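Student: File structure_18.pdb follows (PDB, C-alpha atoms):
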```pdb
ATOM      1  CA  MET A   1      34.181  26.060  32.547
ATOM      2  CA  SER A   2      34.924  26.320  36.257
ATOM      3  CA  THR A   3      33.975  23.674  38.770
ATOM      4  CA  THR A   4      31.343  24.805  41.262
ATOM      5  CA  LEU A   5      32.783  24.707  44.796
ATOM      6  CA  ALA A   6      29.482  25.435  46.570
ATOM      7  CA  THR A   7      25.905  26.322  45.680
ATOM      8  CA  TYR A   8      23.514  28.459  47.735
ATOM      9  CA  TYR A   9      20.024  29.787  47.201
ATOM     10  CA  ALA A  10      19.266  33.359  48.300
ATOM     11  CA  ARG A  11      15.783  34.775  48.760
ATOM     12  CA  LEU A  12      14.924  38.409  49.514
ATOM     13  CA  LEU A  13      12.408  38.293  52.366
ATOM     14  CA  ASP A  14      10.508  41.367  51.100
ATOM     15  CA  MET A  15      10.109  39.619  47.731
ATOM     16  CA  PRO A  16       9.674  35.952  48.706
ATOM     17  CA  ASP A  17       8.910  34.754  45.183
ATOM     18  CA  ASN A  18      12.366  35.782  43.936
ATOM     19  CA  GLU A  19      15.152  33.265  44.413
ATOM     20  CA  TYR A  20      18.756  33.536  43.263
ATOM     21  CA  LYS A  21      21.143  30.663  42.663
ATOM     22  CA  VAL A  22      24.601  31.642  43.961
ATOM     23  CA  GLU A  23      27.551  29.462  42.946
ATOM     24  CA  ILE A  24      31.095  29.832  44.269
ATOM     25  CA  LEU A  25      33.263  29.083  41.231
ATOM     26  CA  GLU A  26      36.748  30.050  42.466
ATOM     27  CA  ASP A  27      37.942  30.701  46.010
ATOM     28  CA  GLY A  28      40.974  32.868  46.636
ATOM     29  CA  PRO A  29      41.905  36.506  47.209
ATOM     30  CA  VAL A  30      39.412  37.391  44.462
ATOM     31  CA  LYS A  31      36.482  35.012  44.257
ATOM     32  CA  LYS A  32      34.475  34.172  41.171
ATOM     33  CA  ILE A  33      30.775  33.928  41.958
ATOM     34  CA  ALA A  34      27.868  33.262  39.607
ATOM     35  CA  VAL A  35      24.420  34.639  40.443
ATOM     36  CA  ASN A  36      21.746  33.039  38.247
ATOM     37  CA  GLY A  37      24.511  32.233  35.759
ATOM     38  CA  LYS A  38      26.079  35.723  35.579
ATOM     39  CA  VAL A  39      29.716  35.618  36.758
ATOM     40  CA  TYR A  40      31.178  38.295  39.070
ATOM     41  CA  GLU A  41      34.662  38.827  40.505
ATOM     42  CA  VAL A  42      34.282  39.607  44.222
ATOM     43  CA  ASP A  43      36.777  40.772  46.828
ATOM     44  CA  TYR A  44      35.925  41.870  50.355
ATOM     45  CA  ASN A  45      37.510  43.182  53.533
ATOM     46  CA  LEU A  46      36.073  43.258  57.034
ATOM     47  CA  GLY A  47      36.243  46.844  58.308
ATOM     48  CA  GLY A  48      34.655  46.352  61.735
ATOM     49  CA  ASP A  49      32.282  44.028  63.546
ATOM     50  CA  SER A  50      29.710  44.156  60.769
ATOM     51  CA  ILE A  51      31.075  46.638  58.192
ATOM     52  CA  HIS A  52      32.405  45.144  54.964
ATOM     53  CA  SER A  53      34.084  46.683  51.943
ATOM     54  CA  ILE A  54      32.959  44.608  48.977
ATOM     55  CA  ILE A  55      34.417  45.065  45.506
ATOM     56  CA  ILE A  56      32.282  43.555  42.740
ATOM     57  CA  ASP A  57      33.706  43.774  39.222
ATOM     58  CA  HIS A  58      35.978  46.663  40.296
ATOM     59  CA  HIS A  59      33.130  48.688  41.933
ATOM     60  CA  SER A  60      33.391  49.254  45.696
ATOM     61  CA  HIS A  61      30.428  48.953  48.076
ATOM     62  CA  GLY A  62      30.496  49.689  51.811
ATOM     63  CA  VAL A  63      27.868  47.488  53.453
ATOM     64  CA  GLN A  64      26.823  46.560  56.965
ATOM     65  CA  ILE A  65      25.994  42.873  57.395
ATOM     66  CA  SER A  66      24.477  41.141  60.409
ATOM     67  CA  SER A  67      23.192  37.593  60.597
ATOM     68  CA  SER A  68      20.959  35.332  62.609
ATOM     69  CA  ASN A  69      20.840  31.632  61.681
ATOM     70  CA  SER A  70      20.414  31.588  57.884
ATOM     71  CA  THR A  71      19.038  35.147  57.608
ATOM     72  CA  TYR A  72      21.285  38.076  56.755
ATOM     73  CA  THR A  73      20.435  41.752  57.104
ATOM     74  CA  ILE A  74      22.363  43.960  54.696
ATOM     75  CA  MET A  75      22.419  47.764  54.671
ATOM     76  CA  ASN A  76      23.817  49.218  51.446
ATOM     77  CA  LYS A  77      23.554  52.915  50.523
ATOM     78  CA  GLY A  78      20.609  53.414  52.879
ATOM     79  CA  GLU A  79      18.701  50.410  51.540
ATOM     80  CA  LEU A  80      17.880  47.515  53.871
ATOM     81  CA  TYR A  81      17.775  43.971  52.509
ATOM     82  CA  GLN A  82      16.854  40.852  54.447
ATOM     83  CA  ILE A  83      18.132  37.725  52.744
ATOM     84  CA  GLU A  84      17.552  34.103  53.613
ATOM     85  CA  LEU A  85      20.432  31.905  52.471
ATOM     86  CA  LYS A  86      20.165  28.125  52.134
ATOM     87  CA  GLY A  87      22.695  25.544  51.073
ATOM     88  CA  GLU A  88      21.922  23.162  48.239
ATOM     89  CA  MET A  89      21.136  20.191  50.527
ATOM     90  CA  GLU A  90      18.871  22.299  52.749
ATOM     91  CA  LYS A  91      16.968  23.503  49.672
ATOM     92  CA  ILE A  92      16.483  19.934  48.450
ATOM     93  CA  HIS A  93      15.272  18.888  51.910
ATOM     94  CA  ASN A  94      12.877  21.850  52.167
ATOM     95  CA  SER A  95      11.529  21.367  48.638
ATOM     96  CA  ARG A  96       9.886  18.162  49.817
ATOM     97  CA  ASN A  97       7.586  20.371  51.877
ATOM     98  CA  ALA A  98       6.374  22.385  48.905
ATOM     99  CA  ALA A  99       3.156  23.392  50.598
ATOM    100  CA  GLU A 100       3.053  26.911  52.021
ATOM    101  CA  SER A 101       3.980  26.855  55.678
ATOM    102  CA  VAL A 102       1.211  27.890  58.004
ATOM    103  CA  GLY A 103       1.588  28.702  61.631
ATOM    104  CA  ARG A 104       3.197  31.060  64.063
ATOM    105  CA  GLN A 105       5.494  33.815  62.784
ATOM    106  CA  VAL A 106       7.595  35.609  65.402
ATOM    107  CA  VAL A 107       8.646  38.954  63.957
ATOM    108  CA  GLN A 108      12.091  39.934  65.287
ATOM    109  CA  ALA A 109      14.207  43.065  65.029
ATOM    110  CA  PRO A 110      16.750  42.565  62.217
ATOM    111  CA  MET A 111      19.082  45.077  63.904
ATOM    112  CA  PRO A 112      19.198  47.261  67.014
ATOM    113  CA  GLY A 113      17.160  50.457  66.791
ATOM    114  CA  VAL A 114      13.985  52.272  67.801
ATOM    115  CA  ILE A 115      10.426  51.449  66.738
ATOM    116  CA  LEU A 116       9.219  54.679  65.114
ATOM    117  CA  LYS A 117       5.670  53.580  64.291
ATOM    118  CA  THR A 118       3.589  50.424  64.523
ATOM    119  CA  TYR A 119       1.033  50.068  61.730
ATOM    120  CA  VAL A 120      -0.958  47.172  63.210
ATOM    121  CA  LYS A 121      -2.659  46.330  66.477
ATOM    122  CA  LYS A 122      -3.586  43.084  68.183
ATOM    123  CA  GLY A 123      -6.305  41.279  66.225
ATOM    124  CA  ASP A 124      -5.501  42.882  62.843
ATOM    125  CA  ILE A 125      -5.430  40.561  59.835
ATOM    126  CA  VAL A 126      -2.293  40.924  57.693
ATOM    127  CA  GLN A 127      -1.116  39.446  54.418
ATOM    128  CA  ARG A 128       2.410  38.545  53.364
ATOM    129  CA  GLY A 129       4.244  41.736  52.436
ATOM    130  CA  ASP A 130       2.050  44.071  54.506
ATOM    131  CA  PRO A 131       4.014  46.682  56.482
ATOM    132  CA  LEU A 132       3.962  45.979  60.234
ATOM    133  CA  CYS A 133       6.152  48.730  61.709
ATOM    134  CA  VAL A 134       9.046  51.088  61.059
ATOM    135  CA  LEU A 135      12.415  50.471  62.748
ATOM    136  CA  VAL A 136      14.904  53.356  62.822
ATOM    137  CA  ALA A 137      18.536  52.234  62.807
ATOM    138  CA  MET A 138      21.599  54.287  61.884
ATOM    139  CA  LYS A 139      19.309  57.260  61.057
ATOM    140  CA  MET A 140      17.507  55.160  58.426
ATOM    141  CA  GLU A 141      13.832  54.171  58.513
ATOM    142  CA  ASN A 142      13.368  50.451  57.759
ATOM    143  CA  GLU A 143       9.913  49.051  57.138
ATOM    144  CA  ILE A 144       9.382  45.601  58.654
ATOM    145  CA  ARG A 145       6.900  43.531  56.620
ATOM    146  CA  SER A 146       4.925  40.379  57.295
ATOM    147  CA  LEU A 147       6.405  37.184  55.885
ATOM    148  CA  ALA A 148       3.074  35.321  55.981
ATOM    149  CA  ASP A 149      -0.689  35.794  56.052
ATOM    150  CA  GLY A 150      -2.280  35.727  59.497
ATOM    151  CA  THR A 151      -3.662  37.587  62.482
ATOM    152  CA  VAL A 152      -1.599  39.738  64.852
ATOM    153  CA  LYS A 153      -1.743  37.793  68.153
ATOM    154  CA  GLU A 154       0.778  39.689  70.300
ATOM    155  CA  ILE A 155       2.706  42.968  70.104
ATOM    156  CA  PHE A 156       5.733  43.343  72.352
ATOM    157  CA  VAL A 157       6.696  46.947  71.469
ATOM    158  CA  GLU A 158       5.136  50.360  71.322
ATOM    159  CA  ASP A 159       6.146  53.485  69.418
ATOM    160  CA  ALA A 160       9.545  54.893  70.518
ATOM    161  CA  ALA A 161      10.577  51.551  72.115
ATOM    162  CA  LYS A 162      14.244  50.563  71.834
ATOM    163  CA  VAL A 163      14.916  47.080  70.463
ATOM    164  CA  GLY A 164      18.046  44.966  70.175
ATOM    165  CA  LEU A 165      19.056  42.510  67.476
ATOM    166  CA  ASN A 166      16.502  39.647  67.335
ATOM    167  CA  ASP A 167      14.219  41.164  70.006
ATOM    168  CA  ARG A 168      10.619  40.038  69.539
ATOM    169  CA  ILE A 169       8.413  42.713  67.979
ATOM    170  CA  MET A 170       5.178  40.792  67.453
ATOM    171  CA  VAL A 171       3.598  37.390  66.750
ATOM    172  CA  ILE A 172       1.413  36.592  63.752
ATOM    173  CA  GLU A 173      -0.561  33.345  63.514
TER     174      GLU A 173
END
```
Output the structure of this file as structure tokens.

Tutor:
Amino acid sequence: MSTTLATYYARLLDMPDNEYKVEILEDGPVKKIAVNGKVYEVDYNLGGDSIHSIIIDHHSHGVQISSSNSTYTIMNKGELYQIELKGEMEKIHNSRNAAESVGRQVVQAPMPGVILKTYVKKGDIVQRGDPLCVLVAMKMENEIRSLADGTVKEIFVEDAAKVGLNDRIMVIE
């Protein structure tokens, strides 16, 4: 059995109850990575600022990856994924605060684009997972969803507004 070099925990932000344990088993030209115990051979090449060619078990995937702090936005075959990645020590530290966090949520643009449609208005009550707006980027429509329950306090964009990476879209409290 291989020694684990590093352990991370990945969570899809659109499905916050799903968490994946990612272990780096071997580092080298081809890496061995276990996701929830299933082992994959992974190779990747950087093709541009954010374009990666990733080969997983001899199958190639062209993906666009951008990051902000511990959140990664991944576009693969027209599908948008927002993933929060935490190291093992950070997960242990955060598990001490097991209670659901309550407070201010600043919704930010995960990538540059144009706001096609806003589904909510100031004062609307939203629940975690509710669609907030549609962001068009690279000719793809990406639905931005609420990460927490709350009330829409501020909206910084309107339909057809251009946004940059991490621009504020709205605040939910």

Student: Using all atoms listed in the file, which of A:Val30, A:Leu5, A:Ala148, A:Met140 sits nearest Asn76 (chain A)?

Tutor: A:Met140

Student: Taking all atoms listed in the file into account, which of A:Thr7, A:Ser68, A:Thr151, A:Thr73 comes nearest Ile51 (chain A)?

Tutor: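 For Ile51 (chain A), the nearest of the given residues is A:Thr73.
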
Student: If you measure from CA of Lys38 (chain A) to CA of Ser50 (chain A), what distance in Å do you get, rounded to one decimal?

Tutor: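 Between these atoms lies a distance of 26.8 Å.
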
Student: Evaluating the PyMOL selection byres ((chain A and resi 57-66) around 8) on the displayed file yields which residues, as a list in words?

Tutor: Tyr40, Glu41, Val42, Ser50, Ile51, His52, Ser53, Ile54, Ile55, Ile56, Ser67, Ser68, Tyr72, Thr73, Ile74, Met75, Asn76, Lys77 and Met111 of chain A

Student: One number please: CA of Val120 (chain A) to CA of Ser70 (chain A), in Å, one decimal.

Tutor: 27.0 Å

Student: Which polymer residues have any atom within 6 Å of an atom of Lys153 (chain A), counting all atoms listed in the file, with same-chain residues fewer than 6 positions away left out, as a PDB file with C-alpha atoms, in the coordinates of the input?

Tutor:
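Dumped everything to part_2.pdb:
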```
ATOM      1  CA  LYS A 122      -3.586  43.084  68.183  1.00  0.00           C
ATOM      2  CA  VAL A 171       3.598  37.390  66.750  1.00  0.00           C
ATOM      3  CA  ILE A 172       1.413  36.592  63.752  1.00  0.00           C
TER       4      ILE A 172
END
```

Student: Counting all atoms listed in the file, what is within 12 Å of Lys117 (chain A), bar same-chain residues fewer than 6 positions away, as number ranges by chain?

Tutor: A: 131-136, 141-144, 157-162, 169

Student: Using only C-alpha atoms for the distances, tell me which of A:Arg128, A:Lys139, A:Arg145, A:Arg104 is nearest to Glu173 (chain A).

Tutor: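 Checking each candidate against Glu173 (chain A), we get A:Arg104 as the closest.
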
Student: Which residues, written as a PyMOL selection string, have at least one atom at most 10 Å from Pro112 (chain A), with only C-alpha atoms counted and residues fewer than 3 positions away on the same chain left out?

Tutor: chain A and resi 109+115+135-138+162-167

Student: Calculate how many Å separate CA of Ser146 (chain A) from CA of Gly129 (chain A), rounding to one decimal.

Tutor: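 If I compute the distance from CA of Ser146 (chain A) to CA of Gly129 (chain A), I get 5.1 Å.
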
Student: Identify which of the residues A:Lys32, A:Ile83, A:Asp27, A:Glu154 lies closest to Asp14 (chain A), counting only C-alpha atoms when measuring atom-to-atom distances.

Tutor: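 Answer, going by the shortest atom-to-atom distance: A:Ile83.
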
Student: Just the residues within 8 Å of Leu25 (chain A), please, counting only C-alpha atoms, with nothing from its chain fewer than 5 positions along; format it as a VMD selection string.

Tutor: chain A and resid 2 to 6 31 to 34

Student: Pull out every residue that the PyMOL selection byres ((chain A and resi 20) around 7) matches in the shown coordinates and put them as a PyMOL selection string.

Tutor: chain A and resi 9-11+18-19+21-22+35-36
